[in-house]
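Reading through the structure tokens given below for one structure.
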Amino acid sequence: MVGPALVLFVVMLVVPVGLSIYLSLTDWDGYSANPAFIGLKNYVSLTHSAEAIRAGWVTLLIAAVGTVLLSVLGLGFALLVNGASRLNAFFRIVLFYPHVLSALVVGFLWSAVLGTSGVVNGWLTSKGSAVLPFLSDPKWALASLIAVLVWAGFGVNVVLYLAGLQTVPKDLLEAARIDGASKQQTFFNVTLPALAPVVTVNLVLSLVTLLKTYDLVVSLTGGGPAGSTQTAAYLILWDSFHNNALGFGSAQSVVLMVITAGLALTVARLRARADQGVQA
Amino acid sequence: MSALRMPRVATMQLKPLKTKGWGRIAFMVVISVLMLVPMYLLVVSAFKSQQDILTHPFSLSPDQLTTEYLRKAATNPDFNILKGYAVTILFVVSVNVLSVALAGPVSYVIARRSERRYRMLLLLFVAGTFIPSQVLVIPVVYTLKFLGLMGTIPGFVLFETTLTLPFSIFLYAGYIMTIPASLDEAAAVDGAGKHRVFWSIVFPLMKPAVVTMVILNTFSVWNDFVNPQIILGPGSGLYTVTTGVYAAVSQYSTDYTVVFPTLLLAVAPLLVVFVLLQKHVISGLTAGATKG
């Protein structure tokens, strides 16, 4: 009963990960018959590659800023739409729906809205105003990318926090109300501590998801202008298949996998601790 | 006395609540409009000319609207959307069936056996969730080439199924542990084999977990871009909805009479599913979000 799943898993996941690690130690270009073993050279050149370092920083910036925004907006809106009314149910759907769309489609849609000749700029031009460089200026483009990621993703955080809010002990809220605590006091002293495990899960999950940002870069900015929005995943696929630098691309993959795995393990550990906290 | 007090209490409590409630609702209405504007633009622009999209993006006057561009997008020679739907649905169904067929039995064994090696097996599978698929697909190309499956439907379906295994097994094993083992022991005593016990006794009881996974896999396969783009490639002539959208839209990204109708056709089926099944979809996708 174990066999078929295990075989598939080994062939399609374990072996390829091993292959990635092996290739990262070679200078393979993707087609030559005998790749040379070059040790850790790819990892050394990684620390000298201006492009890879920029992609690393861009990815970390997206992950850090995005995570803060997703968590703050997620909790804020969860508190706003927490009631059981039909109207709140409608608001929850509206906040969540972009998550259903593929990131590729979301990117094309927003690039048609924000592009230099897009809907917003077309409308501004017809009103006689100057065009705004949403996607054509490096800083604006990165900000636009993060904004679209947040627009498309924070609905999930809202739903996760909503699930968390249902676990806040009702008797504690009631006790705080009877003791005459203000809304802020109740939130900071009762609700937020009870939500601690959910906050942790939200933070780290957002971080792990954002570290993988790829599809949206392809369709929203194409990595541009001038490479300013290239993420790690984008550069890895570019180096591997367009630059034929499979070895170098694999070294970047291994680094990304290690960082992602490190964070995922942190999730697991924090979750385990949080679960103990809930049971205690 | 209660008749006297009732209205007074009611007005005292209602007054502050009411003004506060309206402020919240007004704010949420504004936010909802902001959330929906891109979708509104997508829908109305699919029925307009380039000129009208750019000069009157929000207007909805009937004399501007035409189904001409939508019909053109539906019959685009670069990307046959109906074929795209068919190919994607085939992938969604195959991955779901194969995923349940493979993950179900292994989860059952893991859930019912307490030996250390089964614990390690679960850990091995769950470790798979740590690997970003965009990065994994690169070496998988060479594994598939070795197997002669690169650029083929079985190759793509097998890889996509593998990506569903870690979380499916994690979820199923956890769920099966909540099903009393006495049920399947009774069936085993009656002489039913392991497979028989699993599929006829345990599997029907796993329905909520399977529904969650099917929703999750359906959305992730439908929306996946990088894996079909790389494994099936432009050379195979096989386009899913997302790779077809990429082929049709990326060359004409400023011809909005191509972009908007194509995007609308791409998202329409999924949005309909979402609206019809929103409760299940939200809980399913949220369970999925926690897979990290």
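Residue numbers start at 1 in each chain; chains themselves are named A, B, ... in the order of the structure tokens; ligands are numbered from 1 in the order shown.
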Exercise answer, chain B residues close to chain A, 7 Å and only C-alpha atoms, as a list in words | Ser32, Met35, Ile53, Leu54, Thr55, His56, Pro57, Leu102, Ala103, Pro105, Val106, Phe130, Ile131, Pro132, Gln134, Val135, Leu136, Pro139, Val140, Thr143, Phe159, Thr162, Asn223, Phe225, Leu263, Val267, Thr286, Thr290 and Gly292 of chain B
Can I get the selection written as a tab-separated table (two decimals), in the first residue's frame, with N, CA and C atoms?
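Wrote selection.tsv, looks like this:
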```tsv
chain	number	residue	atom	x	y	z
B	32	SER	N	-14.36	47.26	-0.18
B	32	SER	CA	-14.90	46.28	-1.12
B	32	SER	C	-14.84	46.83	-2.54
B	35	MET	N	-11.38	46.51	-3.75
B	35	MET	CA	-11.05	45.12	-4.06
B	35	MET	C	-11.67	44.70	-5.39
B	53	ILE	N	-11.61	51.72	-23.64
B	53	ILE	CA	-10.99	51.22	-22.41
B	53	ILE	C	-10.10	52.30	-21.80
B	54	LEU	N	-9.36	53.00	-22.67
B	54	LEU	CA	-8.38	53.97	-22.16
B	54	LEU	C	-9.00	55.31	-21.80
B	55	THR	N	-10.04	55.74	-22.54
B	55	THR	CA	-10.59	57.07	-22.25
B	55	THR	C	-11.76	57.00	-21.27
B	56	HIS	N	-12.56	55.94	-21.34
B	56	HIS	CA	-13.68	55.83	-20.39
B	56	HIS	C	-13.62	54.46	-19.73
B	57	PRO	N	-12.57	54.20	-18.91
B	57	PRO	CA	-12.41	52.84	-18.38
B	57	PRO	C	-13.59	52.35	-17.55
B	102	LEU	N	-3.13	7.30	-4.61
B	102	LEU	CA	-1.80	7.03	-4.05
B	102	LEU	C	-1.70	7.44	-2.59
B	103	ALA	N	-2.21	8.64	-2.27
B	103	ALA	CA	-2.03	9.16	-0.91
B	103	ALA	C	-2.94	8.46	0.09
B	105	PRO	N	-4.10	5.11	0.49
B	105	PRO	CA	-3.59	3.89	1.13
B	105	PRO	C	-2.36	4.14	2.01
B	106	VAL	N	-1.42	4.96	1.53
B	106	VAL	CA	-0.20	5.17	2.31
B	106	VAL	C	-0.53	5.90	3.62
B	130	PHE	N	8.58	21.46	2.00
B	130	PHE	CA	9.59	22.52	2.13
B	130	PHE	C	10.22	22.89	0.79
B	131	ILE	N	9.98	22.08	-0.23
B	131	ILE	CA	10.67	22.30	-1.51
B	131	ILE	C	9.80	23.17	-2.43
B	132	PRO	N	10.26	24.38	-2.76
B	132	PRO	CA	9.47	25.22	-3.67
B	132	PRO	C	9.40	24.57	-5.06
B	134	GLN	N	8.79	25.74	-7.99
B	134	GLN	CA	9.41	26.46	-9.12
B	134	GLN	C	10.87	26.07	-9.26
B	135	VAL	N	11.48	25.69	-8.12
B	135	VAL	CA	12.89	25.34	-8.12
B	135	VAL	C	13.05	23.85	-8.40
B	136	LEU	N	12.11	23.06	-7.88
B	136	LEU	CA	12.15	21.61	-8.05
B	136	LEU	C	11.99	21.23	-9.53
B	139	PRO	N	15.42	20.34	-11.91
B	139	PRO	CA	15.98	18.99	-12.04
B	139	PRO	C	14.95	17.96	-12.52
B	140	VAL	N	13.66	18.21	-12.24
B	140	VAL	CA	12.63	17.25	-12.67
B	140	VAL	C	12.62	17.14	-14.21
B	143	THR	N	15.00	14.44	-14.91
B	143	THR	CA	14.47	13.13	-14.51
B	143	THR	C	13.45	12.65	-15.54
B	159	PHE	N	4.25	14.46	-12.13
B	159	PHE	CA	4.95	15.46	-11.32
B	159	PHE	C	3.95	16.27	-10.49
B	162	THR	N	2.79	14.33	-7.63
B	162	THR	CA	3.81	14.27	-6.58
B	162	THR	C	3.74	15.50	-5.69
B	223	ASN	N	-4.43	26.79	-11.66
B	223	ASN	CA	-3.69	28.05	-11.64
B	223	ASN	C	-2.19	27.90	-11.86
B	225	PHE	N	1.32	27.70	-13.30
B	225	PHE	CA	1.86	28.23	-14.55
B	225	PHE	C	3.25	27.66	-14.86
B	263	LEU	N	-8.24	37.19	-20.47
B	263	LEU	CA	-8.18	37.00	-19.03
B	263	LEU	C	-9.56	36.65	-18.47
B	267	VAL	N	-10.47	33.29	-16.22
B	267	VAL	CA	-10.86	33.24	-14.80
B	267	VAL	C	-12.32	32.87	-14.60
B	286	THR	N	-7.87	27.62	2.85
B	286	THR	CA	-7.21	28.07	4.08
B	286	THR	C	-6.44	26.92	4.71
B	290	THR	N	-2.02	26.62	5.19
B	290	THR	CA	-1.23	26.24	6.34
B	290	THR	C	-0.23	25.15	6.01
B	292	GLY	N	2.22	25.57	4.15
B	292	GLY	CA	3.52	26.22	4.07
B	292	GLY	C	4.26	25.86	2.80
```
DSSP says helix (DSSP H, G or I) for which residues of region 215-259 of chain A? Put them as an MDAnalysis selection string?
-> chainID A and resid 215:221 232:242 246:259
Pick from B:Val87, B:Val92, B:Ile110, B:Ala209 nearest to Thr161 (chain B), counting only C-alpha atoms =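 Among B:Val87, B:Val92, B:Ile110, B:Ala209, it is B:Val92 that comes nearest to Thr161 (chain B).
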Name the residues in contact with region 67-72 of chain B at a cut-off of 8 Å, using only C-alpha atoms, excluding same-chain residues fewer than 4 positions from it; report them as a ChimeraX atom specification.
-> /B:46-48,76,257-258,261-262
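Nearest to Ile153 (chain B) of all the residues B:Phe203, B:Tyr175, B:Phe79, B:Phe91 is B:Phe91, based on only C-alpha atoms.
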Proximity to Ala196 (chain A) - best of A:Gly153, A:Pro169, A:Gly164, A:Gly180, only C-alpha atoms |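 Of all the options, A:Gly164 lies closest to Ala196 (chain A).
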Top pick for closest residue to Val100 (chain B), considering B:Val137, B:Ala74, B:Leu165, B:Val157 and counting only C-alpha atoms |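 Of B:Val137, B:Ala74, B:Leu165, B:Val157, the one nearest Val100 (chain B), counting only C-alpha atoms, is B:Leu165.
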Contact residues around region 211-219 of chain B with only C-alpha atoms at 7 Å, ignoring same-chain residues under 4 positions, as a VMD selection string | chain B and resid 92 96 164 168 207 223 281 284 to 285 288
Save out the residues we just selected, N, CA and C atoms, as a PDB file, in the first residue's frame.
```pdb
ATOM      1  N   VAL B  92      -6.726  18.397 -14.117  1.00  0.00           N
ATOM      2  CA  VAL B  92      -7.310  18.523 -12.784  1.00  0.00           C
ATOM      3  C   VAL B  92      -7.886  17.175 -12.339  1.00  0.00           C
ATOM      4  N   ASN B  96      -6.281  14.725  -9.403  1.00  0.00           N
ATOM      5  CA  ASN B  96      -7.107  14.441  -8.228  1.00  0.00           C
ATOM      6  C   ASN B  96      -7.296  12.950  -8.018  1.00  0.00           C
ATOM      7  N   THR B 164       1.224  17.106  -4.860  1.00  0.00           N
ATOM      8  CA  THR B 164       0.068  17.081  -3.957  1.00  0.00           C
ATOM      9  C   THR B 164       0.281  16.099  -2.799  1.00  0.00           C
ATOM     10  N   SER B 168      -1.400  16.060   1.157  1.00  0.00           N
ATOM     11  CA  SER B 168      -2.488  15.077   1.192  1.00  0.00           C
ATOM     12  C   SER B 168      -2.224  14.037   2.274  1.00  0.00           C
ATOM     13  N   LYS B 207     -14.421  11.585   3.847  1.00  0.00           N
ATOM     14  CA  LYS B 207     -14.936  12.530   2.845  1.00  0.00           C
ATOM     15  C   LYS B 207     -14.542  13.994   3.086  1.00  0.00           C
ATOM     16  N   ASN B 223      -4.432  26.786 -11.656  1.00  0.00           N
ATOM     17  CA  ASN B 223      -3.689  28.051 -11.641  1.00  0.00           C
ATOM     18  C   ASN B 223      -2.194  27.898 -11.857  1.00  0.00           C
ATOM     19  N   VAL B 281     -14.673  26.291  -0.542  1.00  0.00           N
ATOM     20  CA  VAL B 281     -13.430  26.744  -1.158  1.00  0.00           C
ATOM     21  C   VAL B 281     -12.591  27.517  -0.148  1.00  0.00           C
ATOM     22  N   GLY B 284     -11.218  25.120   2.394  1.00  0.00           N
ATOM     23  CA  GLY B 284     -10.245  24.235   1.757  1.00  0.00           C
ATOM     24  C   GLY B 284      -8.938  24.938   1.475  1.00  0.00           C
ATOM     25  N   LEU B 285      -9.044  26.141   0.882  1.00  0.00           N
ATOM     26  CA  LEU B 285      -7.825  26.875   0.537  1.00  0.00           C
ATOM     27  C   LEU B 285      -7.107  27.364   1.784  1.00  0.00           C
ATOM     28  N   GLY B 288      -5.175  24.681   3.054  1.00  0.00           N
ATOM     29  CA  GLY B 288      -4.018  24.554   2.172  1.00  0.00           C
ATOM     30  C   GLY B 288      -2.950  25.574   2.469  1.00  0.00           C
TER      31      GLY B 288
END
```
